[in-house]
file upload-v5.cif (mmCIF, C-alpha atoms)
data_run
loop_
_atom_site.label_atom_id
_atom_site.label_comp_id
_atom_site.auth_asym_id
_atom_site.auth_seq_id
_atom_site.Cartn_x
_atom_site.Cartn_y
_atom_site.Cartn_z
CA MET N 13 0.00 0.00 0.00
CA THR N 14 1.46 3.32 -0.98
CA ARG N 15 -0.89 5.35 1.14
CA ALA N 16 0.89 5.92 4.41
CA ASN N 17 -1.66 8.23 5.96
CA PRO N 18 -5.33 7.73 5.22
CA ALA N 19 -6.18 11.21 6.38
CA VAL N 20 -4.16 12.84 3.64
CA PRO N 21 -6.20 12.72 0.48
CA ASN N 22 -4.17 11.18 -2.26
CA LEU N 23 -4.92 13.62 -5.00
CA ASN N 24 -2.19 12.22 -7.17
CA ALA N 25 -4.42 9.22 -7.57
CA VAL N 26 -7.42 11.26 -8.67
CA GLU N 27 -8.61 10.23 -12.06
CA VAL N 28 -11.89 11.83 -12.86
CA HIS N 29 -12.95 10.49 -16.18
CA GLY N 30 -14.12 12.47 -19.10
CA LEU N 31 -14.40 16.20 -19.23
CA THR N 32 -13.57 17.54 -15.85
CA ARG N 33 -9.83 17.03 -15.71
CA GLY N 34 -7.11 18.43 -17.81
CA SER N 35 -5.10 21.55 -17.85
CA PHE N 36 -7.54 23.38 -15.64
CA MET N 37 -6.93 21.03 -12.79
CA LEU N 38 -3.32 22.15 -12.82
CA ARG N 39 -4.41 25.74 -12.71
CA SER N 40 -6.74 25.00 -9.84
CA ALA N 41 -3.91 23.40 -7.97
CA CYS N 42 -1.97 26.58 -8.51
CA ALA N 43 -4.89 28.50 -7.14
CA ILE N 44 -4.93 26.39 -4.02
CA ALA N 45 -1.25 26.99 -3.46
CA THR N 46 -1.93 30.68 -3.21
CA VAL N 47 -4.52 30.09 -0.50
CA TYR N 48 -2.74 27.72 1.77
CA GLY N 49 0.87 27.55 0.68
CA ALA N 50 2.87 24.38 0.97
CA GLY N 51 4.32 25.03 4.41
CA ALA N 52 1.15 25.39 6.41
CA ILE N 53 0.90 21.81 7.58
CA GLY N 54 2.38 22.21 11.05
CA PRO N 55 -0.30 24.32 12.70
CA TYR N 56 -3.02 22.15 11.27
CA VAL N 57 -1.61 18.94 12.65
CA LYS N 58 -1.12 20.54 16.04
CA HIS N 59 -4.71 21.69 15.97
CA ALA N 60 -5.92 18.22 15.07
CA LEU N 61 -3.98 16.61 17.88
CA ALA N 62 -5.35 19.07 20.41
CA GLN N 63 -8.83 17.68 19.80
CA ASP N 64 -10.49 15.07 21.90
CA LYS N 65 -8.58 12.00 20.78
CA ALA N 66 -10.25 9.45 23.00
CA GLY N 67 -13.65 9.83 21.35
CA ASP N 68 -12.14 9.56 17.90
CA ILE N 69 -10.29 6.39 18.86
CA ASP N 70 -13.59 4.85 19.96
CA VAL N 71 -15.23 5.74 16.66
CA LEU N 72 -12.22 4.43 14.75
CA ASN N 73 -12.29 1.14 16.63
CA PHE N 74 -15.98 0.85 15.84
CA ALA N 75 -15.19 1.42 12.15
CA LEU N 76 -12.31 -1.05 12.41
CA THR N 77 -14.62 -3.80 13.64
CA LEU N 78 -16.93 -3.19 10.69
CA GLU N 79 -14.08 -3.22 8.20
CA LEU N 80 -12.70 -6.42 9.74
CA LEU N 81 -16.13 -7.96 9.37
CA GLU N 82 -16.43 -6.92 5.73
CA SER N 83 -12.89 -8.01 5.02
CA ALA N 84 -13.51 -11.47 6.50
CA PHE N 85 -16.79 -11.67 4.63
CA TYR N 86 -15.23 -11.14 1.20
CA ALA N 87 -12.41 -13.57 2.01
CA ARG N 88 -15.04 -16.16 2.91
CA ALA N 89 -16.95 -15.45 -0.30
CA LEU N 90 -13.92 -16.29 -2.40
CA LYS N 91 -14.20 -19.88 -1.18
CA LEU N 92 -17.58 -20.17 -2.91
CA GLN N 93 -18.32 -21.06 -6.51
CA LEU N 94 -18.79 -17.65 -8.09
CA SER N 95 -19.19 -16.42 -11.63
CA SER N 96 -16.12 -14.61 -12.86
CA ALA N 97 -17.71 -11.15 -12.66
CA VAL N 98 -18.90 -11.68 -9.10
CA ARG N 99 -15.60 -13.25 -8.08
CA GLU N 100 -13.75 -10.24 -9.42
CA MET N 101 -16.06 -7.96 -7.49
CA ALA N 102 -15.51 -9.92 -4.27
CA GLN N 103 -11.76 -9.75 -4.82
CA THR N 104 -11.71 -6.02 -5.52
CA PHE N 105 -14.07 -5.05 -2.73
CA GLY N 106 -12.22 -7.36 -0.34
CA THR N 107 -8.98 -5.56 -1.17
CA HIS N 108 -10.64 -2.23 -0.44
CA GLU N 109 -11.87 -3.43 2.95
CA ARG N 110 -8.43 -4.78 3.86
CA GLU N 111 -6.90 -1.44 2.99
CA HIS N 112 -9.53 0.30 5.09
CA VAL N 113 -8.56 -1.98 7.98
CA ALA N 114 -4.89 -1.13 7.56
CA ALA N 115 -5.54 2.60 7.29
CA ILE N 116 -7.81 2.69 10.33
CA LYS N 117 -5.34 0.69 12.43
CA GLU N 118 -2.60 3.06 11.42
CA THR N 119 -4.73 6.07 12.34
CA ILE N 120 -5.57 4.59 15.75
CA ASP N 121 -1.87 3.94 16.34
CA GLY N 122 -1.09 7.48 15.26
CA LEU N 123 -3.54 8.87 17.81
CA GLY N 124 -1.91 6.78 20.54
CA GLY N 125 -4.79 4.31 20.78
CA LYS N 126 -4.90 0.54 20.64
CA PRO N 127 -6.63 -1.09 17.66
CA ASP N 128 -9.25 -3.65 18.68
CA MET N 129 -8.48 -7.27 17.93
CA ALA N 130 -10.35 -9.03 15.15
CA PRO N 131 -13.20 -11.11 16.54
CA GLY N 132 -14.10 -14.45 14.96
CA PHE N 133 -16.72 -14.23 12.23
CA ALA N 134 -19.13 -16.66 10.63
CA PHE N 135 -21.31 -15.88 7.62
CA PRO N 136 -24.36 -17.82 6.39
CA ILE N 137 -23.41 -17.81 2.73
CA ARG N 138 -23.38 -20.90 0.55
CA ASP N 139 -23.69 -19.66 -3.03
CA GLU N 140 -23.51 -16.56 -5.20
CA ARG N 141 -27.05 -15.56 -4.46
CA SER N 142 -26.73 -15.66 -0.70
CA PHE N 143 -23.33 -13.97 -0.92
CA LEU N 144 -24.72 -11.03 -2.92
CA ALA N 145 -27.73 -10.68 -0.66
CA LEU N 146 -25.61 -10.50 2.48
CA ALA N 147 -23.04 -8.30 0.74
CA GLN N 148 -25.77 -5.75 0.10
CA THR N 149 -26.86 -5.85 3.73
CA LEU N 150 -23.33 -5.44 5.04
CA GLU N 151 -22.37 -2.63 2.68
CA GLU N 152 -25.59 -0.76 3.37
CA THR N 153 -24.94 -1.14 7.08
CA GLY N 154 -21.43 0.17 6.52
CA VAL N 155 -22.67 3.29 4.73
CA SER N 156 -25.21 4.03 7.46
CA ALA N 157 -22.65 3.31 10.18
CA TYR N 158 -20.15 5.85 8.86
CA ASN N 159 -22.86 8.39 8.14
CA GLY N 160 -24.15 7.96 11.69
CA ALA N 161 -20.78 8.07 13.42
CA ALA N 162 -19.33 11.00 11.48
CA GLY N 163 -20.98 13.61 13.67
CA GLN N 164 -19.07 12.31 16.71
CA ILE N 165 -15.66 12.67 15.09
CA GLN N 166 -13.65 15.58 16.48
CA SER N 167 -10.57 15.64 14.28
CA PRO N 168 -11.05 17.11 10.79
CA GLU N 169 -8.40 14.71 9.55
CA VAL N 170 -10.22 11.66 10.85
CA LEU N 171 -13.50 12.97 9.47
CA ALA N 172 -11.92 13.44 6.04
CA ALA N 173 -10.61 9.89 6.13
CA ALA N 174 -14.01 8.52 7.17
CA GLY N 175 -15.53 10.38 4.23
CA GLN N 176 -13.01 8.86 1.85
CA ILE N 177 -13.99 5.41 3.11
CA VAL N 178 -17.77 5.81 3.26
CA GLN N 179 -17.86 6.93 -0.36
CA ILE N 180 -16.26 3.61 -1.31
CA GLU N 181 -18.77 1.66 0.79
CA ALA N 182 -21.60 3.49 -1.00
CA ARG N 183 -20.09 2.64 -4.37
CA HIS N 184 -19.85 -0.99 -3.31
CA ALA N 185 -23.48 -0.96 -2.20
CA ALA N 186 -24.61 0.47 -5.54
CA ALA N 187 -22.59 -2.04 -7.57
CA ILE N 188 -23.89 -4.97 -5.54
CA ARG N 189 -27.47 -3.74 -5.85
CA THR N 190 -27.01 -3.45 -9.60
CA ALA N 191 -25.61 -6.99 -9.72
CA ARG N 192 -28.81 -8.10 -7.96
CA SER N 193 -31.03 -6.09 -10.36
CA ARG N 194 -31.98 -3.77 -7.52
CA ALA N 195 -32.20 0.02 -7.69
CA PRO N 196 -28.69 1.31 -6.88
CA ALA N 197 -29.89 4.45 -5.09
CA PRO N 198 -33.34 3.66 -3.73
CA LEU N 199 -33.42 6.66 -1.39
CA ALA N 200 -32.52 10.28 -2.04
CA PHE N 201 -30.86 10.39 1.39
CA ASP N 202 -28.87 7.53 2.84
CA LYS N 203 -29.82 6.61 6.35
CA ALA N 204 -27.63 7.01 9.39
CA LEU N 205 -27.44 4.36 12.09
CA GLU N 206 -26.39 4.76 15.70
CA MET N 207 -23.35 2.75 16.76
CA GLU N 208 -25.52 0.59 19.00
CA GLN N 209 -27.83 -0.29 16.10
CA VAL N 210 -24.87 -1.22 13.94
CA LEU N 211 -23.34 -3.44 16.60
CA GLN N 212 -26.69 -5.19 16.98
CA ALA N 213 -26.82 -5.75 13.22
CA ALA N 214 -23.29 -7.18 13.22
CA LYS N 215 -23.92 -9.50 16.15
CA PRO N 216 -25.26 -12.49 14.18
CA PHE N 217 -21.91 -12.72 12.37
CA LEU N 218 -19.71 -12.70 15.46
CA LYS N 219 -18.56 -16.05 16.78
CA THR N 220 -19.12 -16.32 20.49
CA MET E 13 -11.98 7.16 -21.56
CA GLN E 14 -9.38 8.00 -19.04
CA GLU E 15 -8.06 11.45 -19.59
CA SER E 16 -4.42 11.67 -18.78
CA ARG E 17 -3.03 14.62 -16.96
CA THR E 18 -1.45 16.95 -19.42
CA ASN E 19 0.02 20.36 -19.51
CA ALA E 20 -1.46 21.11 -22.88
CA PRO E 21 -4.23 23.65 -22.49
CA ASP E 22 -7.69 22.64 -23.58
CA PRO E 23 -8.75 25.37 -25.99
CA GLU E 24 -12.46 25.05 -25.36
CA ARG E 25 -12.30 25.24 -21.62
CA ALA E 26 -9.52 27.77 -21.71
CA GLY E 27 -11.90 29.92 -23.74
CA ALA E 28 -14.67 29.66 -21.16
CA MET E 29 -12.38 30.57 -18.33
CA GLU E 30 -10.77 33.39 -20.22
CA GLU E 31 -14.20 34.79 -20.82
CA LEU E 32 -15.02 34.46 -17.18
CA ALA E 33 -11.89 36.33 -16.30
CA ARG E 34 -12.47 39.05 -18.87
CA ASP E 35 -16.21 39.59 -18.92
CA PRO E 36 -17.77 41.23 -15.85
CA SER E 37 -21.31 40.03 -16.58
CA SER E 38 -20.15 36.46 -17.03
CA ARG E 39 -18.28 36.79 -13.76
CA LYS E 40 -21.33 38.15 -12.00
CA ARG E 41 -23.37 35.16 -13.10
CA PHE E 42 -20.69 32.84 -11.85
CA LEU E 43 -20.65 34.49 -8.47
CA ARG E 44 -24.42 34.52 -8.30
CA MET E 45 -24.45 30.84 -9.02
CA VAL E 46 -22.50 29.99 -5.92
CA GLY E 47 -23.23 33.08 -3.90
CA GLY E 48 -21.29 34.68 -1.14
CA ALA E 49 -17.83 35.71 -0.24
CA GLY E 50 -16.43 32.23 -0.46
CA ALA E 51 -17.07 32.14 -4.16
CA ALA E 52 -15.72 35.62 -4.66
CA SER E 53 -12.50 34.77 -2.90
CA ALA E 54 -12.23 31.46 -4.72
CA PHE E 55 -12.56 33.34 -7.94
CA ALA E 56 -10.03 35.95 -6.97
CA VAL E 57 -7.57 33.23 -6.16
CA PHE E 58 -8.30 31.54 -9.41
CA LEU E 59 -7.68 34.74 -11.30
CA ALA E 60 -4.38 35.29 -9.57
CA ALA E 61 -3.20 31.84 -10.52
CA CYS E 62 -4.52 32.16 -14.04
CA ASN E 63 -2.80 35.43 -14.66
CA ASP E 64 0.43 33.74 -13.82
CA ASP E 65 -0.26 31.03 -16.34
CA ASP E 66 1.57 31.19 -19.61
CA GLY E 67 0.02 28.18 -21.31
CA GLY E 68 -3.58 29.21 -21.87
CA GLY E 69 -3.01 32.21 -24.09
CA GLY E 70 -4.61 35.60 -23.64
CA GLY E 71 -2.94 36.17 -20.31
CA ASN E 72 -3.87 39.85 -20.32
CA SER E 73 -7.26 39.26 -18.79
CA GLY E 74 -8.56 42.18 -16.83
CA GLY E 75 -9.74 42.06 -13.27
CA GLY E 76 -6.78 40.18 -11.89
CA SER E 77 -4.71 41.43 -9.05
CA GLY E 78 -1.58 41.22 -11.14
CA SER E 79 0.29 39.51 -8.36
CA SER E 80 2.46 36.56 -9.20
CA PRO E 81 1.69 33.78 -6.78
CA ASP E 82 4.43 31.51 -5.69
CA VAL E 83 3.38 28.41 -7.53
CA ALA E 84 4.53 25.09 -6.23
CA SER E 85 4.34 21.88 -8.21
CA PRO E 86 0.72 20.92 -8.73
CA ALA E 87 1.10 17.42 -7.34
CA GLY E 88 2.73 18.63 -4.15
CA VAL E 89 0.17 21.34 -3.71
CA ALA E 90 -2.71 19.01 -4.25
CA SER E 91 -1.59 16.55 -1.61
CA ASN E 92 -1.14 19.36 0.87
CA ARG E 93 -4.46 20.93 0.23
CA GLU E 94 -6.55 19.48 3.01
CA THR E 95 -3.80 19.86 5.56
CA GLY E 96 -3.06 23.46 4.69
CA GLY E 97 -4.87 25.07 7.63
CA ASP E 98 -8.00 24.70 9.69
CA PRO E 99 -10.44 23.39 7.10
CA LYS E 100 -13.34 25.17 8.83
CA GLU E 101 -11.79 28.58 8.39
CA GLY E 102 -13.01 30.90 5.70
CA THR E 103 -16.26 29.36 4.55
CA SER E 104 -19.59 29.40 6.38
CA ASP E 105 -22.08 26.55 6.38
CA ILE E 106 -24.46 28.67 4.32
CA GLU E 107 -21.78 29.14 1.67
CA ILE E 108 -21.05 25.42 1.61
CA LEU E 109 -24.76 24.66 1.39
CA ASN E 110 -25.22 27.10 -1.45
CA TYR E 111 -22.25 25.58 -3.23
CA ALA E 112 -23.85 22.14 -2.87
CA LEU E 113 -27.20 23.60 -3.94
CA SER E 114 -25.60 25.05 -7.07
CA LEU E 115 -24.29 21.63 -7.96
CA GLU E 116 -27.67 20.03 -7.32
CA ASN E 117 -29.33 22.71 -9.47
CA LEU E 118 -26.85 21.91 -12.21
CA GLU E 119 -27.47 18.17 -11.91
CA THR E 120 -31.25 18.63 -11.87
CA SER E 121 -31.06 20.81 -14.94
CA PHE E 122 -28.77 18.28 -16.62
CA TYR E 123 -31.02 15.30 -15.99
CA GLY E 124 -34.09 17.27 -17.04
CA LYS E 125 -32.48 17.99 -20.39
CA VAL E 126 -31.28 14.41 -20.73
CA ILE E 127 -34.81 13.12 -20.12
CA ASP E 128 -36.19 15.61 -22.67
CA SER E 129 -33.52 14.73 -25.22
CA GLY E 130 -35.23 11.47 -26.16
CA LEU E 131 -31.85 9.72 -26.23
CA PHE E 132 -32.89 7.18 -23.61
CA ARG E 133 -35.60 4.59 -23.28
CA GLY E 134 -36.56 1.70 -21.05
CA SER E 135 -34.49 0.83 -18.03
CA GLN E 136 -31.81 3.47 -18.65
CA LEU E 137 -34.48 6.16 -18.85
CA ASP E 138 -36.01 4.86 -15.63
CA LEU E 139 -32.63 5.01 -13.95
CA ILE E 140 -32.03 8.57 -15.13
CA LYS E 141 -35.47 9.62 -13.92
CA LYS E 142 -34.76 8.10 -10.54
CA PHE E 143 -31.44 9.94 -10.28
CA ALA E 144 -33.14 13.16 -11.38
CA ASP E 145 -35.68 12.70 -8.62
CA ASN E 146 -32.89 12.14 -6.07
CA GLU E 147 -31.22 15.38 -7.15
CA ARG E 148 -34.47 17.29 -6.97
CA GLN E 149 -34.95 16.11 -3.39
CA HIS E 150 -31.37 17.08 -2.56
CA ARG E 151 -32.07 20.52 -3.94
CA GLU E 152 -35.21 20.91 -1.86
CA LEU E 153 -33.49 19.88 1.36
CA LEU E 154 -30.53 22.18 0.70
CA GLU E 155 -32.80 25.13 -0.11
CA ALA E 156 -34.78 24.54 3.07
CA THR E 157 -31.59 24.24 5.10
CA VAL E 158 -30.13 27.48 3.73
CA GLU E 159 -33.37 29.25 4.59
CA LYS E 160 -33.45 27.71 8.04
CA LEU E 161 -29.97 29.12 8.67
CA GLY E 162 -31.15 32.55 7.54
CA GLY E 163 -29.46 32.53 4.15
CA THR E 164 -30.74 33.05 0.63
CA PRO E 165 -30.69 29.88 -1.48
CA ALA E 166 -28.60 30.07 -4.65
CA ALA E 167 -30.85 30.37 -7.69
CA PRO E 168 -30.60 27.97 -10.64
CA VAL E 169 -28.71 29.27 -13.65
CA LYS E 170 -29.13 28.58 -17.35
CA THR E 171 -27.09 25.64 -18.53
CA THR E 172 -26.00 24.02 -21.76
CA PHE E 173 -24.75 20.46 -22.01
CA PRO E 174 -23.52 18.56 -25.06
CA LEU E 175 -26.29 16.02 -25.56
CA ASN E 176 -25.36 14.41 -28.85
CA SER E 177 -25.42 10.69 -28.19
CA ALA E 178 -26.54 8.33 -25.45
CA SER E 179 -23.00 7.12 -24.82
CA GLY E 180 -21.66 10.67 -24.69
CA VAL E 181 -24.39 11.65 -22.23
CA LEU E 182 -23.66 8.67 -19.98
CA THR E 183 -19.98 9.61 -19.94
CA LEU E 184 -20.88 13.19 -19.09
CA ALA E 185 -23.31 12.02 -16.40
CA ALA E 186 -20.59 9.83 -14.87
CA THR E 187 -18.18 12.76 -14.93
CA ILE E 188 -20.67 15.07 -13.24
CA GLU E 189 -21.67 12.53 -10.59
CA ASN E 190 -18.08 11.56 -9.77
CA ALA E 191 -17.24 15.24 -9.43
CA GLY E 192 -20.38 15.74 -7.34
CA ALA E 193 -19.40 12.99 -4.91
CA ALA E 194 -15.87 14.40 -4.71
CA ALA E 195 -17.32 17.87 -4.11
CA TYR E 196 -19.30 16.76 -1.07
CA LEU E 197 -16.29 14.84 0.20
CA GLY E 198 -14.18 17.96 -0.15
CA GLN E 199 -16.50 19.93 2.14
CA ALA E 200 -17.32 17.33 4.81
CA ASN E 201 -14.72 18.42 7.33
CA ARG E 202 -15.33 22.11 6.73
CA ILE E 203 -18.94 22.01 7.93
CA ARG E 204 -19.53 23.36 11.43
CA ASP E 205 -23.12 22.40 12.23
CA LYS E 206 -23.76 18.71 13.00
CA GLU E 207 -27.15 18.70 11.30
CA VAL E 208 -25.72 20.24 8.17
CA LEU E 209 -22.96 17.64 8.24
CA ALA E 210 -25.50 14.83 8.58
CA ALA E 211 -27.49 16.19 5.65
CA ALA E 212 -24.40 16.57 3.48
CA LEU E 213 -23.23 13.05 4.27
CA SER E 214 -26.64 11.56 3.54
CA ILE E 215 -26.41 13.16 0.10
CA HIS E 216 -22.70 12.41 -0.44
CA SER E 217 -23.17 8.65 -0.38
CA VAL E 218 -26.12 8.88 -2.78
CA GLU E 219 -24.01 10.85 -5.26
CA ALA E 220 -21.43 8.09 -4.87
CA ARG E 221 -24.07 5.51 -5.75
CA HIS E 222 -25.02 7.46 -8.85
CA ALA E 223 -21.37 7.76 -9.86
CA ALA E 224 -20.69 4.05 -9.35
CA THR E 225 -23.77 3.07 -11.34
CA LEU E 226 -22.99 5.37 -14.25
CA ASN E 227 -19.38 4.19 -14.25
CA GLY E 228 -20.73 0.68 -14.71
CA LEU E 229 -22.78 1.77 -17.72
CA ILE E 230 -19.73 3.14 -19.50
CA GLY E 231 -17.42 0.26 -18.66
CA LEU E 232 -15.54 1.82 -15.77
CA PRO E 233 -15.10 0.25 -12.35
CA PRO E 234 -17.48 1.50 -9.64
CA THR E 235 -14.47 2.62 -7.62
CA PRO E 236 -12.01 4.07 -10.14
CA GLN E 237 -9.90 5.58 -7.36
CA GLY E 238 -9.46 2.32 -5.48
CA SER E 239 -9.89 2.00 -1.73
CA PHE E 240 -10.14 5.69 -0.83
CA ALA E 241 -12.22 8.26 -2.66
CA ALA E 242 -10.47 11.54 -3.37
CA PRO E 243 -12.05 14.90 -2.61
CA LEU E 244 -12.18 17.91 -4.90
CA SER E 245 -12.00 21.47 -3.63
CA MET E 246 -14.61 24.12 -4.35
CA GLU E 247 -12.21 25.77 -6.76
CA GLU E 248 -11.61 22.57 -8.70
CA VAL E 249 -15.30 21.75 -8.98
CA LEU E 250 -16.41 25.25 -9.94
CA THR E 251 -13.73 25.41 -12.56
CA SER E 252 -14.80 22.13 -14.10
CA VAL E 253 -18.54 22.89 -14.19
CA GLN E 254 -18.19 26.43 -15.45
CA GLN E 255 -18.22 25.17 -19.03
CA PHE E 256 -21.88 24.17 -18.62
CA ILE E 257 -23.06 27.56 -17.36
CA ASP E 258 -24.48 29.81 -20.06
CA ALA E 259 -22.62 33.02 -20.68
#
call {"tool": "encode", "arguments": {"input": "upload-v5.cif", "output": "structure tokens"}}
result
Amino acid sequence: MTRANPAVPNLNAVEVHGLTRGSFMLRSACAIATVYGAGAIGPYVKHALAQDKAGDIDVLNFALTLELLESAFYARALKLQLSSAVREMAQTFGTHEREHVAAIKETIDGLGGKPDMAPGFAFPIRDERSFLALAQTLEETGVSAYNGAAGQIQSPEVLAAAGQIVQIEARHAAAIRTARSRAPAPLAFDKALEMEQVLQAAKPFLKT
Amino acid sequence: MQESRTNAPDPERAGAMEELARDPSSRKRFLRMVGGAGAASAFAVFLAACNDDDGGGGGNSGGGSGSSPDVASPAGVASNRETGGDPKEGTSDIEILNYALSLENLETSFYGKVIDSGLFRGSQLDLIKKFADNERQHRELLEATVEKLGGTPAAPVKTTFPLNSASGVLTLAATIENAGAAAYLGQANRIRDKEVLAAALSIHSVEARHAATLNGLIGLPPTPQGSFAAPLSMEEVLTSVQQFIDA
């Protein structure tokens, strides 16, 4: 993984397709330089660290558990007989979740916290159909979990990182819904779930 | 499909931006579209950078400050952007909401024209109508939220989009939705009010769904940026959508 710090948006990797990018993006970047300058990082980091770190570590550990669950889920799915398109999706999405796990752990470490251990998981999936159905449920829960927890995040850096992750979960949810011939964006506004609701939803998949 | 980064100026877009820089009435419309001091300062910054540019031609545009900003390498600047100061400084929630509203107005107008174009039928038309309805609801919530905070909602502007073929429109739709998702992501940690943040996030992930779905229709992966979505700044987004705003 080349991304050392999940909270720093990797704009070098931005590839917006079609009309929006090009020479004007370079000019915009120039424009941004005049606002912030390249040397203004120090004060910002200090500010971020002065925030309430303990609460953010709790939220990050909550997110970590979800990402561990999703990561284990896609790894389990790859043991099933899947069509090549669905297998590729499980592989790609699984990679994303593993990278989310790594980034969140790193962020918790960086804040001086201790990343939670991975619990044991078990998933009731036996074929492509049951995999896709549960994948939709888990990704939707992930979107709502991040959307619900975001308001509790103190650090702007951690909030930015959570945003970078939740957008990927939403894209996963839409792709899985499409693969199941379901509407990709059934609601105009995605729901938010409280942490407690999310943990309840995850419970059936935790080995006791 | 994938446009590589290049230093070569794009004549068409360069033209639009030159006009914006030169023509006061065009500039007024631009500022009205986004409303507020945030847009004005974004534009001033843009002008300053543009006047220093030697690649786009016509560098004698009026209205610039004439200063020569100290321009760092674009890549380095871009990666420093979000860490370049307190992200909440400088822009109010009302300005951010009006910025989002302007984008939703643009998207609503776009989908309306796409539906009217007759280029789509069947399930693709249904999908486009559904997305259009999502955007309309986003617009209504944002307008109501701006009013609730005591602001004046940004008014829709006249737009023109190249609607020549179904495949071209889908590519444009994907571009707009990916930029829209990146736009919300770029503002998330600049919002002060928790309710405004919740509203913005509930829209952000829906724009992401639209983007992923449209990517699929044009043969792109749902997550072209990999594991972490990248944000776009207000300046980047406004610059890229300006070409669709009527002069």
call {"tool": "resolve_selection", "arguments": {"input": "upload-v5.cif", "expression": "the PyMOL selection byres ((chain N and resi 69) around 12)", "output": "PyMOL selection string"}}
result
chain N and resi 63-68+70-76+116-128+161+164-167+170-171
call {"tool": "atom_distance", "arguments": {"input": "upload-v5.cif", "atom1": "atom CA of Gly192 of chain E", "atom2": "atom CA of Ser114 of chain E"}}
result
10.7 Å
call {"tool": "atom_distance", "arguments": {"input": "upload-v5.cif", "atom1": "atom CA of Thr120 of chain E", "atom2": "atom CA of Leu229 of chain E"}}
result
19.8 Å
call {"tool": "closest_residue", "arguments": {"input": "upload-v5.cif", "among": "N:Phe143, N:Tyr158, N:Phe201, N:Phe217", "to": "chain E", "atoms": "only C-alpha atoms"}}
result
N:Phe201
call {"tool": "residues_around", "arguments": {"input": "upload-v5.cif", "residues": "segment 137-140 of chain E", "least_positions_apart": "2", "cutoff": "10 Å", "atoms": "only C-alpha atoms", "output": "VMD selection string"}}
result
(chain N and resid 195 to 197) or (chain E and resid 123 to 124 126 to 127 130 to 135 142 to 146 182 185 222 225 to 226)
call {"tool": "write_last_selection", "arguments": {"input": "upload-v5.cif", "atoms": "C-alpha atoms", "output": "PDB file, in the coordinates of the input"}}
result
ATOM      1  CA  ALA N 195     -32.200   0.020  -7.690  1.00  0.00           C
ATOM      2  CA  PRO N 196     -28.690   1.310  -6.880  1.00  0.00           C
ATOM      3  CA  ALA N 197     -29.890   4.450  -5.090  1.00  0.00           C
TER       4      ALA N 197
ATOM      5  CA  TYR E 123     -31.020  15.300 -15.990  1.00  0.00           C
ATOM      6  CA  GLY E 124     -34.090  17.270 -17.040  1.00  0.00           C
ATOM      7  CA  VAL E 126     -31.280  14.410 -20.730  1.00  0.00           C
ATOM      8  CA  ILE E 127     -34.810  13.120 -20.120  1.00  0.00           C
ATOM      9  CA  GLY E 130     -35.230  11.470 -26.160  1.00  0.00           C
ATOM     10  CA  LEU E 131     -31.850   9.720 -26.230  1.00  0.00           C
ATOM     11  CA  PHE E 132     -32.890   7.180 -23.610  1.00  0.00           C
ATOM     12  CA  ARG E 133     -35.600   4.590 -23.280  1.00  0.00           C
ATOM     13  CA  GLY E 134     -36.560   1.700 -21.050  1.00  0.00           C
ATOM     14  CA  SER E 135     -34.490   0.830 -18.030  1.00  0.00           C
ATOM     15  CA  LYS E 142     -34.760   8.100 -10.540  1.00  0.00           C
ATOM     16  CA  PHE E 143     -31.440   9.940 -10.280  1.00  0.00           C
ATOM     17  CA  ALA E 144     -33.140  13.160 -11.380  1.00  0.00           C
ATOM     18  CA  ASP E 145     -35.680  12.700  -8.620  1.00  0.00           C
ATOM     19  CA  ASN E 146     -32.890  12.140  -6.070  1.00  0.00           C
ATOM     20  CA  LEU E 182     -23.660   8.670 -19.980  1.00  0.00           C
ATOM     21  CA  ALA E 185     -23.310  12.020 -16.400  1.00  0.00           C
ATOM     22  CA  HIS E 222     -25.020   7.460  -8.850  1.00  0.00           C
ATOM     23  CA  THR E 225     -23.770   3.070 -11.340  1.00  0.00           C
ATOM     24  CA  LEU E 226     -22.990   5.370 -14.250  1.00  0.00           C
TER      25      LEU E 226
END
call {"tool": "atom_distance", "arguments": {"input": "upload-v5.cif", "atom1": "atom CA of Lys203 of chain N", "atom2": "atom CA of Glu151 of chain N"}}
result
12.4 Å
call {"tool": "resolve_selection", "arguments": {"input": "upload-v5.cif", "expression": "the PyMOL selection byres ((chain N and resi 182) around 7)", "output": "list in words"}}
result
Val155, Val178, Gln179, Ile180, Glu181, Arg183, His184, Ala185 and Ala186 of chain N; Ser217, Ala220 and Arg221 of chain E
call {"tool": "resolve_selection", "arguments": {"input": "upload-v5.cif", "expression": "the PyMOL selection byres ((chain E and resi 174) around 12)", "output": "VMD selection string"}}
result
(chain N and resid 31) or (chain E and resid 122 125 to 126 129 171 to 173 175 to 185 255 to 257)
call {"tool": "closest_residue", "arguments": {"input": "upload-v5.cif", "among": "E:Ser104, E:Ser252, E:Thr164, E:Ser245", "to": "Tyr196 of chain E", "atoms": "all atoms listed in the file"}}
result
E:Ser245
call {"tool": "closest_residue", "arguments": {"input": "upload-v5.cif", "among": "E:Val249, E:Ala259, E:Ala195, E:Ile106", "to": "chain N", "atoms": "all atoms listed in the file"}}
result
E:Val249
call {"tool": "closest_residue", "arguments": {"input": "upload-v5.cif", "among": "N:Ala200, N:Leu92, N:Leu211, N:Leu81", "to": "Leu153 of chain E", "atoms": "only C-alpha atoms"}}
result
N:Ala200
call {"tool": "closest_residue", "arguments": {"input": "upload-v5.cif", "among": "N:Gly132, N:Gly106, N:Pro216, N:Gly163", "to": "chain E", "atoms": "all atoms listed in the file"}}
result
N:Gly163
call {"tool": "closest_residue", "arguments": {"input": "upload-v5.cif", "among": "N:Ser156, N:Ser193, N:Pro168, N:Glu206", "to": "Ile215 of chain E", "atoms": "only C-alpha atoms"}}
result
N:Ser156
